[in-house]
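What follows is a single structure, written as C-alpha cells, with notes after it.
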Amino acid sequence: MKTFTLAELAEAFALTVVGDPSLRISGVSSLEAAKATDLAFLANPKYRSQLAHTNAGAIVAGEGALATARCAVLLSPNPYADYARIAGNFESRSILEPGIHPSAVIDVNARISPNAHIGPFVVVAAGASVADGATVGPHCIIGPDCHVGPDCQLVARVSLVTRVRLGARVLVHPGAVLGADGFGLAFDRGSWLKVPQLGGVSVGDDCEIGANTTIDRGAIGDTVLEEDVRLDNQIQIGHNARIGAHTAMAGCSAVAGSAKIGRYCLIGGAAGVLGHLEVCDKVTITAMSLVTHSIREPGEYSSGTPLMDNQAWRRSAVRFKQLDSLAKNFNQLKRDSPTS
Amino acid sequence: MKTFTLAELAEAFALTVVGDPSLRISGVSSLEAAKATDLAFLANPKYRSQLAHTNAGAIVAGEGALATARCAVLLSPNPYADYARIAGNFESRSILEPGIHPSAVIDVNARISPNAHIGPFVVVAAGASVADGATVGPHCIIGPDCHVGPDCQLVARVSLVTRVRLGARVLVHPGAVLGADGFGLAFDRGSWLKVPQLGGVSVGDDCEIGANTTIDRGAIGDTVLEEDVRLDNQIQIGHNARIGAHTAMAGCSAVAGSAKIGRYCLIGGAAGVLGHLEVCDKVTITAMSLVTHSIREPGEYSSGTPLMDNQAWRRSAVRFKQLDSLAKNFNQLKRDSPTS
Amino acid sequence: MKTFTLAELAEAFALTVVGDPSLRISGVSSLEAAKATDLAFLANPKYRSQLAHTNAGAIVAGEGALATARCAVLLSPNPYADYARIAGNFESRSILEPGIHPSAVIDVNARISPNAHIGPFVVVAAGASVADGATVGPHCIIGPDCHVGPDCQLVARVSLVTRVRLGARVLVHPGAVLGADGFGLAFDRGSWLKVPQLGGVSVGDDCEIGANTTIDRGAIGDTVLEEDVRLDNQIQIGHNARIGAHTAMAGCSAVAGSAKIGRYCLIGGAAGVLGHLEVCDKVTITAMSLVTHSIREPGEYSSGTPLMDNQAWRRSAVRFKQLDSLAKNFNQLKRDSPTS
C-alpha cells in the first residue's frame, strides 16, 4: 500500500500544508466516509458543514475552509483539481505489457507499434495502425483505415469501424462505436436509398469517449471532435457534426448531423442539438433541453417544464394546449377594458 | 413438446380450475392469437371484451372474468404473475454445461467455480471470480476485481470493467457495461483533468440489467443497485448513484451521479433524474419527465407538455415564451379592474 | 482510382448532361469543398447560393440550378438520390471472401451457406442459419433459432440473441442487440417476477439498424419491422412493437412495448412513443416529442417547449406551474367584466 506524508504531497503538487506535515496518508475518501489516514477534499462550499464531522486526517481545500476544518489542510487554489492529481497516486492500475496477444487477428497490412499493447480477441484490419504506447483492450475492433494515436487507451470492446483517426492520449470506454455509417437516406420512388458515407471521424488529442457512445463518420468530409472533448456514456454524434475543444457533454445527450458546437460548451444530460445548427463557444445547455435554433451568445439555455405532481401537471398541460386562445382572449379583454 | 392438463397446472401453482380439469395445454398465447390448446391470461380488465372472441382453451384470470369467459378458467388472485410462472414451463432454454470453453482467456489469478459455464471468447482478468451455477455467455469480459455471484446469467457480450460485484441470480443482457469510469472531471487552467474513479459497482440479488445499459463505477465508494432492481435497455446510471430495492426503470431512462432513488419506484421511459437528488420510496416518474429537485412524498410526478398537432403546438410554444409577461399583464389588469 | 466522364455517368444513371460530356470525374464532394474533378450536388434550394462559389467540375441538380451553375450539370429529377447512386461508385469497400474464419465457433447444428462470409470470433448457435451472400463481421453472435437472410450485412459485433429472423439485404451496425428479453415483469408479493419472453424479432427486407440500437423480442408473438425500415443509432424498440414499412427513425428515439407505428412515418431524434398506442401512416414526430395517445391523422406532431435563455425560461417555467389558476382567474375576470 502506497503512503505519503502531507509534506511529500505538498512538495509534489506545489501546495501549502496547514497542520502536521508528517501526517501519513494512505488513501483518499469523501468527507463523510474518510478515516484518519485518508485525504478528503472540499471543492463546493455547499458541503462546508461536513467539515465539522469528518474524520479525515487531512483535506485539500481553499482558504475558506481553514476556519472550520478540524484536521490538516493542503491549501489549494483549485481543490478539486489537486485532489484529482493526488488521487491518481492511489489508483491501482493493471500493468499491460507491450505486445500482441496470440489470439488477436491482425491483418498483414496493419501497422502495430512494438510498444503498443493488443489484448485478447482484438481484430485489426488492413490499412489500420496503432501507435507507440497505445493500449487496445480485449475485444476491440480497429477497422480499415483507422488509426490509434500514441498513448491512446481503448479500454475494451471498442469499435473503430471505418476511417477513424484518434489523436494522442484518447481514452475510449467499452461499447463505444466510432465511424459507423452516418444516417444518410434519399427518398426515391417510395423507398429509401442509402447515401454512401465517404468521410471519416477525426478525434483530437486528450478526448474521452464514454461507454456505448456512438460517433458516426461523415457523409463527405469528417465528423470532428477537437482536442480535450469529453463525452459521457450513451452519447450520439451524427455525421459531419463538429464538437469544439474542451466541450463536455453529459450522458445520453445527442448532436444531430452537421451541427457545430463551439469550444468550452457544457451540454447537459439527455440534451439534444438539431442538425445543421451552430452553437457558439461557452454555451451551457441544461439537461433534457432541445436546441432548435443556432445560438450566437454565450450563456445558459433551457427548454422543458418543471417537474410537478402529476395531477397538477395534467391541469397545466391542458392549459398549455389552450395557451394561444387564452392569450388572444386576454388581449381582447384588455383592449375592451375601460382602463386600457 | 411439453403438455400439461389444467388439473396439473392448478395443482402446481395452487390455482382453482373452473371448467374441464382434463383439458390439455401445450402452449401459452395472447387472447387474440390463442388456439384451443393454448392458455392465455386476462390481467387488465381493459381487455375483458376480448374474452368473447378468444379461441384459447383456457385462461388465467380473476373472478371477474367468469361471467364472460367462454373457456376454462384457472382462477388466480394475480393472473399476470401466475401466467408468468406457467409460461416459464413452455420456454425452451439452451442447456449450458458447466465448464470453460477452450477459446476463453482466463487469468491464472481468476477463480472460476467448476459449476460455472464460461462461453467462447470470454476474458476473465486477475482477481476476478465466477461463482457456482453462474453462466457467462460468449464474448463477456470480467475485469479486474469483478465478482459474478451464484446463478448469475450474463447472456452474452457483457462488460464488467473494474470492481463490479454482482449478487446472486443477477441477469445481464448483451452490450451492458458495468463499472466503466464515472464521468468525473475537474476544470483546471483551460483544460479538463480526469478525476480518478476509485470505487466500484455493487449489484444486489435478483437484479436484471438490460441490453446496452451502462452503470458507471463510483468515484469514491460504490454505485449501488439494491436487490430486485429491474433496468430495461439503454439506461444510464451515473457514478455513486443508488437505486433502491424493487425499483423498475423503463428503457432509455437515466440517473445522474450521486442521486439516490428509493425503493419500489417506477421510472418511466427516457425519464431523467439530475445528480445529487433524493427520490423517496414509491415514486412514479412518467415517461420523458425530468426530476430537477428531490422528491419527499410518494406519488406520481411529471414534466413536459402534451402532444399536439405541430401548427397548434407552434402557437402554444410562442405563448410559452411570453408566459411571464402574459401573467404580469393579467395581474395588472385584474388589479385595475373595477370588480377587484 | 476510378474515374468516369459525365457522358458515362449520364448513360449509367439516365441523366442529361448540360455542359462538356467528356469532363472526367474522379470523386464526389460537397459544393463547399469540391475540386475541379469532383462531382457535387444541389438537392436543397436553401444552398443554391453556394453554386456561385463552388469549384466543382460538375453537379447533380434539378433544372432550377441551371441559371446559377457555373459548372457542368447532370440534370436529375431527384438530385439527392442520383448523387447517392453515383457516389456508391466511389466508395472503397473491403472485399470479404466467402468462407468461415478459423477462429469462429459454429455449432454443428447451425447452417452456414458456403457463399456467406463469417468473420473472426463469430459465434453461431444451434438452430441458427446464415444465407447466401450474407456477411457476418467480426465478433457477431448469432443465437439460437436466429436466421440471417440473403445478402445481409452484419458489420461487426452484432448480437442476434434469440429467435431473430432477418429478411434479405438487412444492414446492421456494430453494437446492435436484437432479440434480447422484452421488459416483462409481474409484481407479486413485494417483488418482481420475470415474465417469459417467448416470441422473437422479425425484420423485413432492406431494413437498416444503427449502432447500439436495441430491439427486444416479443413476449408472445414477434416484434416486427416491416420492409425498408431505417433505424439510426441508439434506438430502443420494445417487445411486440411493430414498425411499418419505409418508416425512418432518427437517433435515440424509442418505441415502447406493443406500440404500432404506421408506414412512411418519420420519427425525430430522441422522440418517444408510449406502449400499446397506434400511430397511423405518414406521421412525422418532431425531435424529443413524446407520443402519449394514438394518432389517427397523418401530419406533423410535437411536444415540448422552445429553447430560451435560462433566466427567461425560469420565469416561464414558474408560470407554467400556475397555468391552471391563471386560466381560471382569467375566466372569472372575464365573466365579471362589464363588457362580457
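Residue numbers start at 1 in each chain; chains themselves are named A, B, ... in the order of the C-alpha cells; ligands are numbered from 1 in the order shown.
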
Nearby residues (only C-alpha atoms) at most 9 Å from C:Thr247, same-chain spacing under 6 positions excluded, as a short mmCIF file (atom, residue, chain, number, x, y, z; two decimals) with C-alpha atoms, in the first residue's frame:
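See around35.cif below for the written result:
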```cif
data_model
loop_
_atom_site.label_atom_id
_atom_site.label_comp_id
_atom_site.auth_asym_id
_atom_site.auth_seq_id
_atom_site.Cartn_x
_atom_site.Cartn_y
_atom_site.Cartn_z
CA GLU C 226 -41.68 -4.38 -41.91
CA GLU C 227 -39.56 -3.87 -45.03
CA ASP C 228 -37.30 -0.85 -45.63
CA VAL C 229 -37.48 0.41 -42.05
CA ARG C 230 -34.49 2.62 -41.30
CA LEU C 231 -33.29 2.94 -37.72
CA ILE C 261 -46.18 2.65 -35.94
CA GLY C 262 -47.54 3.03 -39.45
CA ARG C 263 -45.82 3.11 -42.84
CA TYR C 264 -43.86 6.10 -44.15
CA CYS C 265 -43.56 7.69 -40.73
CA LEU C 266 -40.65 9.92 -39.70
CA ILE C 267 -39.75 9.79 -36.02
CA ASP C 281 -49.23 6.03 -41.77
CA LYS C 282 -47.38 9.18 -42.81
#
```

Residues of chain C were defined as contacting chain A if any atom lay at most 7 Å from it, counting only C-alpha atoms; please report them as a PyMOL selection string. chain C and resi 29-30+80-81+84+87-88+91+173-175+211-212+228+232+246+304-310+313+317+320-321+323-324+339

Quick one: distance from atom CA of C:Tyr47 to atom CA of C:Glu208 in Å, one decimal? 28.5 Å

Considering only C-alpha atoms, return as a list in words whatever protein or nucleic-acid residues lie within 8 Å of B:Arg296, sequence-local ones (same chain, fewer than 6 positions apart) excluded.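 The filter keeps Glu278, Val279 and Cys280 of chain B.
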
Emit the selected residues as an mmCIF file, in the first residue's frame, including C-alpha atoms.
```
data_model
loop_
_atom_site.group_PDB
_atom_site.id
_atom_site.type_symbol
_atom_site.label_atom_id
_atom_site.label_comp_id
_atom_site.auth_asym_id
_atom_site.auth_seq_id
_atom_site.Cartn_x
_atom_site.Cartn_y
_atom_site.Cartn_z
ATOM 1 C CA GLU B 278 -33.044 12.138 -3.445
ATOM 2 C CA VAL B 279 -36.255 10.457 -4.517
ATOM 3 C CA CYS B 280 -38.180 8.743 -1.717
#
```

Separation of atom CA of B:Leu51 from atom CA of C:Ile243, in Å and rounded to one decimal: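 Answer for the atom CA of B:Leu51 to atom CA of C:Ile243 separation: 27.1 Å.
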
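When only C-alpha atoms are used to measure the gap to C:Gly133, the shortest distance among C:Ser94, C:Asn331, C:Ser26, C:Ser113 belongs to C:Ser113.
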